[in-house]
Structure formats: C-alpha cells, structure tokens
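Engineer: Input protein_11.tsv, format and content: TSV, C-alpha atoms.
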chain	number	residue	atom	x	y	z
F	125	MET	CA	3.15	-28.05	10.15
F	126	ARG	CA	5.96	-27.88	12.71
F	127	GLY	CA	7.66	-25.00	10.93
F	128	VAL	CA	4.61	-22.89	10.09
F	129	THR	CA	5.60	-19.24	10.23
F	130	GLY	CA	2.91	-17.73	7.98
F	131	ARG	CA	-0.66	-16.88	9.05
F	132	LEU	CA	-2.40	-20.06	10.19
F	133	MET	CA	-6.20	-20.24	10.09
F	134	LEU	CA	-7.87	-22.93	12.22
F	135	LEU	CA	-11.53	-23.73	11.55
F	136	ASP	CA	-13.72	-25.08	14.34
F	137	THR	CA	-15.45	-27.04	11.60
F	138	ALA	CA	-18.49	-28.41	13.46
F	139	SER	CA	-19.23	-24.97	14.93
F	140	LEU	CA	-19.16	-23.52	11.40
F	141	TYR	CA	-21.23	-26.20	9.67
F	142	PHE	CA	-23.86	-25.97	12.44
F	143	ARG	CA	-24.05	-22.23	11.74
F	144	ALA	CA	-24.21	-22.86	8.00
F	145	TYR	CA	-27.00	-25.41	8.52
F	146	PHE	CA	-29.14	-22.93	10.45
F	147	GLY	CA	-28.18	-19.98	8.26
F	148	VAL	CA	-28.85	-21.46	4.80
F	149	PRO	CA	-32.41	-22.63	3.94
F	150	GLU	CA	-33.02	-26.38	3.94
F	151	SER	CA	-34.58	-25.92	0.50
F	152	VAL	CA	-30.98	-25.91	-0.86
F	153	LYS	CA	-30.84	-29.52	-2.06
F	154	ALA	CA	-28.83	-31.93	-4.20
F	155	PRO	CA	-30.41	-33.27	-7.46
F	156	ASP	CA	-31.66	-36.33	-5.51
F	157	GLY	CA	-33.43	-34.10	-2.95
F	158	THR	CA	-30.86	-34.48	-0.11
F	159	PRO	CA	-30.44	-31.17	1.76
F	160	VAL	CA	-26.93	-29.76	1.23
F	161	ASN	CA	-27.42	-26.40	2.98
F	162	ALA	CA	-24.63	-27.06	5.53
F	163	VAL	CA	-22.22	-28.20	2.78
F	164	ARG	CA	-22.82	-25.20	0.56
F	165	GLY	CA	-22.90	-22.81	3.52
F	166	LEU	CA	-19.54	-24.07	4.80
F	167	LEU	CA	-17.98	-23.69	1.31
F	168	GLU	CA	-19.28	-20.10	1.18
F	169	PHE	CA	-17.75	-19.50	4.64
F	170	ILE	CA	-14.34	-20.85	3.57
F	171	ASP	CA	-14.46	-18.78	0.36
F	172	ARG	CA	-15.16	-15.58	2.31
F	173	LEU	CA	-12.61	-16.31	5.07
F	174	VAL	CA	-9.79	-16.95	2.59
F	175	LYS	CA	-10.70	-13.85	0.54
F	176	ASP	CA	-10.91	-11.56	3.56
F	177	HIS	CA	-8.10	-12.87	5.78
F	178	HIS	CA	-5.50	-14.36	3.37
F	179	PRO	CA	-4.22	-17.29	5.46
F	180	ASP	CA	-1.04	-19.07	4.35
F	181	GLU	CA	-2.07	-22.27	6.14
F	182	LEU	CA	-5.58	-23.65	6.69
F	183	VAL	CA	-6.74	-26.56	8.87
F	184	ALA	CA	-10.31	-27.83	9.29
F	185	CYS	CA	-10.26	-29.11	12.89
F	186	MET	CA	-12.77	-31.89	13.63
F	187	ASP	CA	-14.41	-33.44	16.70
F	188	ALA	CA	-13.15	-37.04	16.66
F	189	ASP	CA	-14.80	-37.23	20.09
F	190	TRP	CA	-17.19	-34.41	20.98
F	191	ARG	CA	-17.47	-35.60	24.64
F	192	PRO	CA	-14.21	-37.29	25.67
F	193	GLN	CA	-14.51	-39.83	28.46
F	194	TRP	CA	-11.61	-38.29	30.39
F	195	ARG	CA	-13.61	-35.06	30.72
F	196	VAL	CA	-16.81	-36.94	31.68
F	197	ASP	CA	-14.88	-38.92	34.35
F	198	LEU	CA	-13.96	-35.60	35.99
F	199	ILE	CA	-17.36	-33.86	35.59
F	200	PRO	CA	-20.14	-36.36	34.74
F	201	SER	CA	-22.58	-33.59	33.73
F	202	TYR	CA	-20.20	-32.46	30.95
F	203	LYS	CA	-22.36	-32.11	27.79
F	204	ALA	CA	-24.68	-34.81	29.22
F	205	HIS	CA	-27.84	-33.03	28.02
F	206	ARG	CA	-26.61	-33.26	24.41
F	207	VAL	CA	-26.24	-37.06	24.33
F	208	ALA	CA	-28.64	-38.68	21.85
F	209	GLU	CA	-27.41	-42.23	22.39
F	210	GLU	CA	-24.83	-43.77	24.71
F	211	HIS	CA	-22.30	-46.29	23.39
F	212	GLU	CA	-20.31	-48.76	25.48
F	213	ALA	CA	-17.47	-48.78	22.96
F	214	GLY	CA	-16.54	-45.50	21.30
F	215	PRO	CA	-17.92	-41.98	21.71
F	216	ASP	CA	-21.53	-41.28	22.64
F	217	GLU	CA	-23.72	-39.97	19.85
F	218	GLU	CA	-24.46	-36.24	19.89
F	219	GLU	CA	-27.95	-34.90	19.26
F	220	VAL	CA	-27.72	-33.49	15.73
F	221	PRO	CA	-30.60	-32.45	13.41
F	222	ASP	CA	-31.69	-35.38	11.20
F	223	THR	CA	-30.93	-33.53	7.98
F	224	LEU	CA	-27.47	-32.36	9.13
F	225	SER	CA	-25.92	-35.76	10.02
F	226	PRO	CA	-25.91	-37.07	6.40
F	227	GLN	CA	-24.16	-33.88	5.24
F	228	VAL	CA	-21.09	-34.35	7.45
F	229	PRO	CA	-19.51	-37.16	5.32
F	230	ILE	CA	-20.10	-35.00	2.20
F	231	ILE	CA	-18.32	-32.07	3.90
F	232	GLU	CA	-15.40	-34.34	4.79
F	233	ALA	CA	-15.14	-35.74	1.24
F	234	VAL	CA	-15.23	-32.25	-0.32
F	235	LEU	CA	-12.54	-30.90	2.06
F	236	ASP	CA	-10.33	-33.91	1.25
F	237	ALA	CA	-10.79	-33.50	-2.52
F	238	LEU	CA	-10.00	-29.77	-2.24
F	239	GLY	CA	-6.81	-30.61	-0.34
F	240	ILE	CA	-7.73	-28.67	2.82
F	241	ALA	CA	-6.08	-30.35	5.81
F	242	ARG	CA	-8.71	-32.03	7.99
F	243	VAL	CA	-7.60	-33.12	11.46
F	244	GLY	CA	-9.45	-34.94	14.21
F	245	VAL	CA	-7.69	-37.00	16.89
F	246	ALA	CA	-9.32	-39.93	18.75
F	247	GLY	CA	-10.23	-39.02	22.33
F	248	TYR	CA	-10.15	-35.26	21.73
F	249	GLU	CA	-12.46	-32.45	20.71
F	250	ALA	CA	-11.76	-30.02	17.87
F	251	ASP	CA	-10.99	-27.40	20.59
F	252	ASP	CA	-8.05	-29.54	21.74
F	253	VAL	CA	-6.75	-29.93	18.18
F	254	ILE	CA	-7.02	-26.14	17.78
F	255	GLY	CA	-5.21	-25.61	21.10
F	256	THR	CA	-2.33	-27.85	20.05
F	257	PHE	CA	-1.92	-26.32	16.57
F	258	THR	CA	-1.95	-22.89	18.25
F	259	ALA	CA	0.74	-23.96	20.75
F	260	LEU	CA	2.97	-25.23	17.92
F	261	ALA	CA	2.50	-22.28	15.54
F	262	LYS	CA	5.46	-19.95	15.06
F	263	GLY	CA	3.45	-17.19	13.35
F	264	PRO	CA	0.06	-15.48	13.81
F	265	VAL	CA	-3.07	-17.63	14.26
F	266	ASP	CA	-6.71	-16.90	13.39
F	267	ILE	CA	-9.17	-19.26	15.11
F	268	VAL	CA	-12.61	-19.20	13.45
F	269	THR	CA	-15.27	-20.41	15.86
F	270	GLY	CA	-18.72	-19.68	17.22
F	271	ASP	CA	-17.61	-21.16	20.56
F	272	ARG	CA	-16.50	-18.66	23.22
F	273	ASP	CA	-14.53	-21.39	25.05
F	274	LEU	CA	-11.67	-20.72	22.63
F	275	TYR	CA	-11.28	-17.12	23.86
F	276	GLN	CA	-8.86	-18.70	26.35
F	277	LEU	CA	-6.31	-19.05	23.51
F	278	VAL	CA	-6.28	-15.32	22.62
F	279	ASP	CA	-2.74	-13.99	23.02
F	280	ASP	CA	-1.74	-10.59	21.60
F	281	GLU	CA	1.96	-11.21	22.08
F	282	ARG	CA	1.82	-14.30	19.87
F	283	GLY	CA	-0.72	-12.85	17.41
F	284	VAL	CA	-3.45	-15.35	18.33
F	285	ARG	CA	-6.99	-14.02	17.91
F	286	VAL	CA	-10.48	-15.47	17.58
F	287	LEU	CA	-12.69	-14.57	14.61
F	288	TYR	CA	-16.20	-15.01	16.02
F	289	PRO	CA	-19.03	-14.99	13.46
F	290	LEU	CA	-21.81	-12.54	14.28
F	291	LYS	CA	-23.67	-12.86	10.98
F	292	GLY	CA	-22.45	-15.57	8.62
F	293	VAL	CA	-18.73	-14.97	8.34
F	294	GLY	CA	-19.14	-11.64	6.58
F	295	THR	CA	-19.39	-9.93	9.97
F	296	LEU	CA	-16.78	-11.25	12.37
F	297	GLN	CA	-15.91	-10.04	15.83
F	298	LEU	CA	-12.10	-9.87	15.92
F	299	THR	CA	-11.42	-10.95	19.48
F	300	ASP	CA	-8.10	-9.80	20.91
F	301	GLU	CA	-7.03	-9.13	24.51
F	302	ALA	CA	-8.24	-5.51	24.46
F	303	TRP	CA	-11.72	-6.71	23.46
F	304	LEU	CA	-11.69	-9.44	26.14
F	305	ARG	CA	-10.62	-6.99	28.85
F	306	GLU	CA	-13.35	-4.55	27.88
F	307	LYS	CA	-16.06	-7.23	27.69
F	308	TYR	CA	-15.05	-9.60	30.51
F	309	GLY	CA	-12.30	-7.85	32.46
F	310	VAL	CA	-9.80	-10.67	31.76
F	311	ASP	CA	-7.18	-11.54	29.15
F	312	GLY	CA	-7.07	-14.80	27.19
F	313	ARG	CA	-5.32	-16.68	29.97
F	314	GLY	CA	-7.91	-15.51	32.51
F	315	TYR	CA	-10.90	-16.45	30.37
F	316	ALA	CA	-10.74	-20.19	31.26
F	317	ASP	CA	-10.80	-19.34	35.00
F	318	LEU	CA	-13.74	-16.97	34.43
F	319	ALA	CA	-15.67	-19.64	32.49
F	320	LEU	CA	-14.93	-22.26	35.14
F	321	LEU	CA	-16.20	-20.07	38.00
F	322	ARG	CA	-19.24	-18.78	36.10
F	323	GLY	CA	-20.18	-22.19	34.71
F	324	ASP	CA	-21.66	-22.91	31.30
F	325	PRO	CA	-25.09	-24.58	30.99
F	326	SER	CA	-24.50	-25.29	27.27
F	327	ASP	CA	-21.54	-27.53	28.25
F	328	GLY	CA	-23.09	-28.88	31.46
F	329	LEU	CA	-20.53	-27.09	33.66
F	330	PRO	CA	-22.12	-26.18	37.01
F	331	GLY	CA	-19.72	-23.38	38.01
F	332	VAL	CA	-19.55	-22.09	41.59
F	333	PRO	CA	-23.07	-21.32	42.90
F	334	GLY	CA	-23.70	-17.61	43.34
F	335	ILE	CA	-20.62	-16.59	41.32
F	336	GLY	CA	-21.73	-15.09	38.03
F	337	GLU	CA	-19.65	-13.50	35.30
F	338	LYS	CA	-19.21	-10.09	36.96
F	339	THR	CA	-18.31	-11.52	40.37
F	340	ALA	CA	-15.87	-13.96	38.75
F	341	ALA	CA	-14.19	-11.06	36.89
F	342	LYS	CA	-13.94	-9.01	40.13
F	343	LEU	CA	-12.41	-11.94	42.02
F	344	LEU	CA	-9.87	-12.54	39.24
F	345	ALA	CA	-8.97	-8.83	39.19
F	346	GLU	CA	-8.49	-8.92	42.98
F	347	PHE	CA	-6.64	-12.23	43.35
F	348	GLY	CA	-5.02	-12.78	39.92
F	349	ASP	CA	-6.12	-16.30	39.03
F	350	LEU	CA	-8.04	-19.33	40.28
F	351	ALA	CA	-5.19	-20.43	42.58
F	352	GLY	CA	-5.09	-16.92	44.07
F	353	ILE	CA	-8.84	-16.96	44.70
F	354	MET	CA	-8.71	-20.37	46.41
F	355	ALA	CA	-5.75	-19.23	48.53
F	356	ALA	CA	-7.84	-16.20	49.60
F	357	VAL	CA	-10.52	-18.58	50.93
F	358	GLU	CA	-7.92	-19.69	53.51
F	359	ASP	CA	-6.90	-16.11	54.36
F	360	PRO	CA	-9.25	-14.47	56.89
F	361	LYS	CA	-7.96	-11.01	55.86
F	362	ALA	CA	-8.76	-11.51	52.15
F	363	LYS	CA	-11.57	-9.37	50.72
F	364	LEU	CA	-14.24	-12.03	50.28
F	365	THR	CA	-17.83	-11.80	51.49
F	366	PRO	CA	-18.85	-14.56	53.92
F	367	SER	CA	-21.12	-16.12	51.27
F	368	GLN	CA	-18.37	-16.06	48.61
F	369	ARG	CA	-15.93	-17.69	51.03
F	370	LYS	CA	-18.49	-20.36	51.96
F	371	ARG	CA	-19.49	-21.14	48.36
F	372	LEU	CA	-15.91	-21.31	47.11
F	373	ASP	CA	-14.96	-23.53	50.05
F	374	GLU	CA	-17.91	-25.87	49.36
F	375	SER	CA	-16.98	-25.98	45.66
F	376	ARG	CA	-13.44	-27.27	46.22
F	377	PRO	CA	-14.13	-30.73	44.68
F	378	TYR	CA	-15.42	-29.03	41.48
F	379	VAL	CA	-12.62	-26.44	41.41
F	380	ALA	CA	-10.02	-29.20	41.77
F	381	VAL	CA	-11.08	-31.00	38.57
F	382	ALA	CA	-12.70	-28.29	36.44
F	383	PRO	CA	-9.48	-26.70	35.07
F	384	LYS	CA	-8.60	-29.93	33.22
F	385	VAL	CA	-12.12	-30.05	31.73
F	386	VAL	CA	-12.41	-26.37	30.79
F	387	ARG	CA	-8.89	-25.71	29.48
F	388	VAL	CA	-8.22	-26.95	25.98
F	389	ALA	CA	-5.42	-29.49	25.64
F	390	GLY	CA	-2.20	-28.23	24.11
F	391	ASP	CA	-0.47	-31.60	23.73
F	392	VAL	CA	-2.70	-33.62	21.39
F	393	PRO	CA	-0.68	-36.12	19.26
F	394	LEU	CA	-1.31	-34.45	15.90
F	395	PRO	CA	-0.75	-36.38	12.67
F	396	GLN	CA	1.75	-34.98	10.14
F	397	VAL	CA	-0.40	-33.10	7.63
F	398	GLU	CA	0.17	-30.63	4.80
F	399	THR	CA	-1.39	-27.43	6.12
F	400	ALA	CA	-0.47	-25.05	3.28
F	401	LEU	CA	-3.47	-23.44	1.59
F	402	PRO	CA	-4.13	-25.63	-1.48
F	403	ARG	CA	-3.75	-23.64	-4.71
F	404	ALA	CA	-5.32	-26.41	-6.81
F	405	PRO	CA	-7.65	-29.28	-5.81
F	406	ARG	CA	-5.89	-32.40	-4.55
F	407	ASP	CA	-8.30	-34.65	-6.46
F	408	PRO	CA	-9.99	-32.67	-9.30
F	409	GLU	CA	-11.91	-35.68	-10.66
F	410	MET	CA	-13.36	-36.57	-7.27
F	411	LEU	CA	-14.21	-32.90	-6.67
F	412	ASP	CA	-16.07	-32.70	-10.01
F	413	ALA	CA	-17.97	-35.90	-9.18
F	414	LEU	CA	-18.92	-34.59	-5.72
F	415	GLY	CA	-19.95	-31.21	-7.18
F	416	THR	CA	-22.20	-32.89	-9.75
F	417	ARG	CA	-23.70	-35.52	-7.43
F	418	TRP	CA	-24.51	-33.06	-4.65
F	419	GLY	CA	-25.33	-30.03	-6.81
F	420	LEU	CA	-22.67	-27.83	-5.19
F	421	GLY	CA	-22.56	-25.50	-8.20
F	422	GLY	CA	-21.38	-21.93	-7.68
F	423	SER	CA	-20.40	-22.49	-4.02
F	424	LEU	CA	-17.75	-25.03	-5.07
F	425	ARG	CA	-16.59	-23.11	-8.16
F	426	ARG	CA	-16.07	-19.95	-6.10
F	427	VAL	CA	-14.00	-21.64	-3.40
F	428	VAL	CA	-11.79	-23.36	-6.02
F	429	ALA	CA	-11.24	-20.00	-7.77
F	430	THR	CA	-10.46	-18.23	-4.48
F	431	LEU	CA	-7.95	-20.89	-3.39
F	432	GLY	CA	-6.23	-20.66	-6.79
F	433	ALA	CA	-6.15	-16.83	-6.89
Just give me the structure as structure tokens.
Structural biologist:
Amino acid sequence: MRGVTGRLMLLDTASLYFRAYFGVPESVKAPDGTPVNAVRGLLEFIDRLVKDHHPDELVACMDADWRPQWRVDLIPSYKAHRVAEEHEAGPDEEEVPDTLSPQVPIIEAVLDALGIARVGVAGYEADDVIGTFTALAKGPVDIVTGDRDLYQLVDDERGVRVLYPLKGVGTLQLTDEAWLREKYGVDGRGYADLALLRGDPSDGLPGVPGIGEKTAAKLLAEFGDLAGIMAAVEDPKAKLTPSQRKRLDESRPYVAVAPKVVRVAGDVPLPQVETALPRAPRDPEMLDALGTRWGLGGSLRRVVATLGA
C-alpha cells in the first residue's frame, strides 16, 4: 500500500451495506431462506463502482469499533442513542436490523474469497482507516460513503474526492472543493469545523447552541477556522453578536475536546495488505461454495467478470 500511485478507491463498507440492505428487497434470500439482500446489493455496488470509476486499488474499510472509547471519554453522548447493548470488555453493540447482522460475516467471507482488501483496526472506526489510507496515498483517492463526515478529507490539490450515493451507486454526487464551497461555504479542511459547530444529532454531537450550519459557515468565512473564531470571542472588536460571543464562550469545554472526536484519525496503525484490484478470485473454490450456499447468482458472477475485465 505504501507506494500506491494509481487511483485508490476506499469503501466505507458499513455505510454501503446499510444502503444495500434498505435498497434491495428483503425477499432476496438464500436457498435456506436467509435474507441476503445486503450481500447481493453490496456486490452490485462494487460491480458498478469498478465499471464506472476504474480504480487501480480497492480497500473495503471496516468498523472494528463503531464507537471507540477514546471518543466516548471526550464526549459521552457520542453515538449513545445507537447503542443496543453495552459491554464491559470490547466495543458496545450497535443497533442493527435483525436480518442485517447475520449478513455481515457472509459479506466479509465473500470479500476475502474475491481478494478485495478488507481492513478494520481495533479501537478505530472505518472513517479513521479511510483517513489514514488517504493520508498515505500518493495518487488520487475516491472515497465511497453515505456519511458526510468524510467530506473533511476532500482535497482538490491531492485529487481526493467523495463519491456520495444519491440513488444506489448509479447516481453519485462527486464531491470536490467547488461543490463543498457552493453547498456549505467551506473547503474540505473547513468541513470538520463546520460540523463541530453545527453539531450532528445522528452522531450525538451537541454542537454550539444557537449556531446552525449557515451561522457556522459565516463565522468560518469571517475568522478562518475554529481557533480564529475562539480567539474572536476574546476580542471585543471582533464582529460577533453578544449572543454568539456568550454561547461560544459557554461552549469552551465542548470546543476543547470536539476536534479530536469529529476529525478522522490519520495515523491508524494499518496492517500490510495487498490493495491492488484483484483480477481473479483469491480463493475460487471458497467463492463458488459461498455463491452456491447463499444463492448469490448473477450478482457474484458479474463482479468476478468486472474485476477480471
């Protein structure tokens, strides 16, 4: 991986199989009646992404820990509403639909048999794995995710963009800095500060009370970044309304810790993996067995043909 210079595609795998699960009918089942809609949907996604975007390298990034303790220690509300069951040892269990959970090991086995690199690192989310691969890449990077948090990695100079699925993966929003500036008034680097100020109920991030998306964008345009905004709180001449100054001042404890929670890590200890797009399955016999057992049919045949093309 260290010397990757071709186009690297990073899949936010859980984000994509959740979308596949809700986008493909649950009536799509294996011969034994087990739903395999997420499995088949994800294979269709990978087939389409490889056909349309021609990556040289492909990594399925996984959540080894969807709610790392080091983030919870800083902001206890982080993803708290999504906890199904707490565990003393090891990660808490995320609330996942009953018929999706059993499909995840099948997805992992199929990716491994295909030879698609699959990387999760203990104590980190897939976002952090994506952030670290992006930091190490020497060439252009396409990040495929339905999670806007990763907009913070967009960097035109380095050729890093986010492919955000609008409808399946046939219609993708190609997110570059021009798109971000038009939509949010910030570039990739500024997006994390915007998200931190605005807050995000889906991640349990409170944000600064009274500072919504538009106000956050205006403050960032005026003062440059989060540090500039907080310095302005101290400056009586700075253009802040009395209520903005008060709310930012009262939010100092949150603002002090939130950057570490909101920004994706760029220094995850990645394992050495073969990231090149596999031209032939790594384990053809296992792949055939999985295809037969789970009734993966045309979805599996198409992805194998596309990878080999």
Engineer: With all atoms listed in the file as the counted atoms, please give the residues lying no more than 12 Å from F:Ala356, apart from itself and same-chain residues fewer than 4 positions off, as a PyMOL selection string.
Structural biologist: chain F and resi 343-344+346-352+360-366+368-370+372-373
Engineer: Mind giving me the straight-line distance from atom CA of F:Ser423 to atom CA of F:Leu166 in Å, one decimal?
Structural biologist: 9.0 Å
Engineer: Please determine, counting all atoms listed in the file, which residue among F:Asp216, F:Asp180, F:Asp300, F:Glu409 has the shortest atom-to-atom distance to F:Tyr275.
Structural biologist: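 Smallest separation from F:Tyr275 among the options: F:Asp300.
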Engineer: Report the centre and edge lengths, in Å to one decimal, of an axis-aligned box enclosing every atom of stretch 319-330 of chain F listed in the file, padded by 6 Å on each side, as JSON.
Structural biologist:
{"center_x": -20.0, "center_y": -23.8, "center_z": 32.6, "size_x": 22.2, "size_y": 22.1, "size_z": 22.7}
Engineer: Identify which of the residues F:Ala389, F:Leu401, F:Ile353, F:Ala316 lies closest to F:Leu134, counting all atoms listed in the file when measuring atom-to-atom distances.
Structural biologist: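 Checking each candidate against F:Leu134, we get F:Leu401 as the closest.
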Engineer: I'd like a table as JSON lines: residues in stretch 215-295 of chain F with an atom no more than 12 Å from stretch 192-197 of chain F, each row giving the shortest atom pair and its distance in Å to one decimal, all atoms listed in the file counted, sorted by chain and rising residue number.
Structural biologist:
{"residue": "F:Pro215", "atom": "CA", "partner": "F:Pro192", "partner_atom": "CA", "distance": 7.2}
{"residue": "F:Asp216", "atom": "CA", "partner": "F:Pro192", "partner_atom": "CA", "distance": 8.9}
{"residue": "F:Glu217", "atom": "CA", "partner": "F:Pro192", "partner_atom": "CA", "distance": 11.5}
{"residue": "F:Glu218", "atom": "CA", "partner": "F:Pro192", "partner_atom": "CA", "distance": 11.8}
{"residue": "F:Val245", "atom": "CA", "partner": "F:Pro192", "partner_atom": "CA", "distance": 10.9}
{"residue": "F:Ala246", "atom": "CA", "partner": "F:Pro192", "partner_atom": "CA", "distance": 8.9}
{"residue": "F:Gly247", "atom": "CA", "partner": "F:Pro192", "partner_atom": "CA", "distance": 5.5}
{"residue": "F:Tyr248", "atom": "CA", "partner": "F:Pro192", "partner_atom": "CA", "distance": 6.0}
{"residue": "F:Glu249", "atom": "CA", "partner": "F:Pro192", "partner_atom": "CA", "distance": 7.1}
{"residue": "F:Ala250", "atom": "CA", "partner": "F:Pro192", "partner_atom": "CA", "distance": 10.9}
{"residue": "F:Asp251", "atom": "CA", "partner": "F:Pro192", "partner_atom": "CA", "distance": 11.6}
{"residue": "F:Asp252", "atom": "CA", "partner": "F:Pro192", "partner_atom": "CA", "distance": 10.7}
Engineer: Between atom CA of F:Pro393 and atom CA of F:Thr256, measure the distance and give it in Å to one decimal.
Structural biologist: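 Distance between the two atoms: 8.5 Å.
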Engineer: Do a neighbour search on stretch 232-243 of chain F at 6 Å with only C-alpha atoms, toss out local chain neighbours closer than 6 positions, and write the hits as a list of chain:residue names.
Structural biologist: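 Once the adjacent positions are removed, what remains is F:Val183, F:Ala184, F:Cys185, F:Met186, F:Thr399, F:Pro402, F:Pro405, F:Arg406, F:Asp407, F:Leu411.
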Engineer: Of the candidates F:Pro221, F:Gly334, F:Gly292, F:Gly263, which one gets nearest to F:Arg143 if we count only C-alpha atoms?
Structural biologist: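 Distance minimum relative to F:Arg143 lands on F:Gly292.
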Engineer: Considering all atoms listed in the file, can you say which of F:Val293, F:Val160, F:Val284, F:Leu274 comes closest to F:Leu260?
Structural biologist: F:Val284
Engineer: Record the distance separating atom CA of F:Glu374 and atom CA of F:Ala345, expressed in Å with one decimal.
Structural biologist: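 For atom CA of F:Glu374 relative to atom CA of F:Ala345, the distance reads 21.8 Å.
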Engineer: Fewer than 3 positions away in the same chain doesn't count, so skip those; otherwise give me all residues within 12 Å of F:Ser225, counting only C-alpha atoms, as a PyMOL selection string.
Structural biologist: chain F and resi 138+141-142+145+158-163+217-222+228-232
Engineer: Using only C-alpha atoms, pick whichever of F:Asp317, F:Asp187, F:Asp324, F:Glu337 has the shortest atom-to-atom distance to F:Lys384.
Structural biologist: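 Checking each of F:Asp317, F:Asp187, F:Asp324, F:Glu337 against F:Lys384, counting only C-alpha atoms, the winner is F:Asp317.
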Engineer: Find the spatial neighbours of F:Ala204, counting only C-alpha atoms, within a cut-off of 10 Å - ignore same-chain residues fewer than 2 positions away - and output them as a PyMOL selection string.
Structural biologist: chain F and resi 191+196+199-202+206-208+216+218+326-329
Engineer: Could you check which of F:Gly331, F:Val253, F:Arg272, F:Arg285 is closest to F:Val381, using all atoms listed in the file?
Structural biologist: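 Checking each candidate against F:Val381, we get F:Gly331 as the closest.
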Engineer: Need the shell around stretch 304-313 of chain F: protein/DNA/RNA residues with any atom at most 7 Å away, counting all atoms listed in the file. Skip same-chain ones fewer than 3 positions apart. Format as a ChimeraX atom specification?
Structural biologist: /F:275-279,299-301,316,341
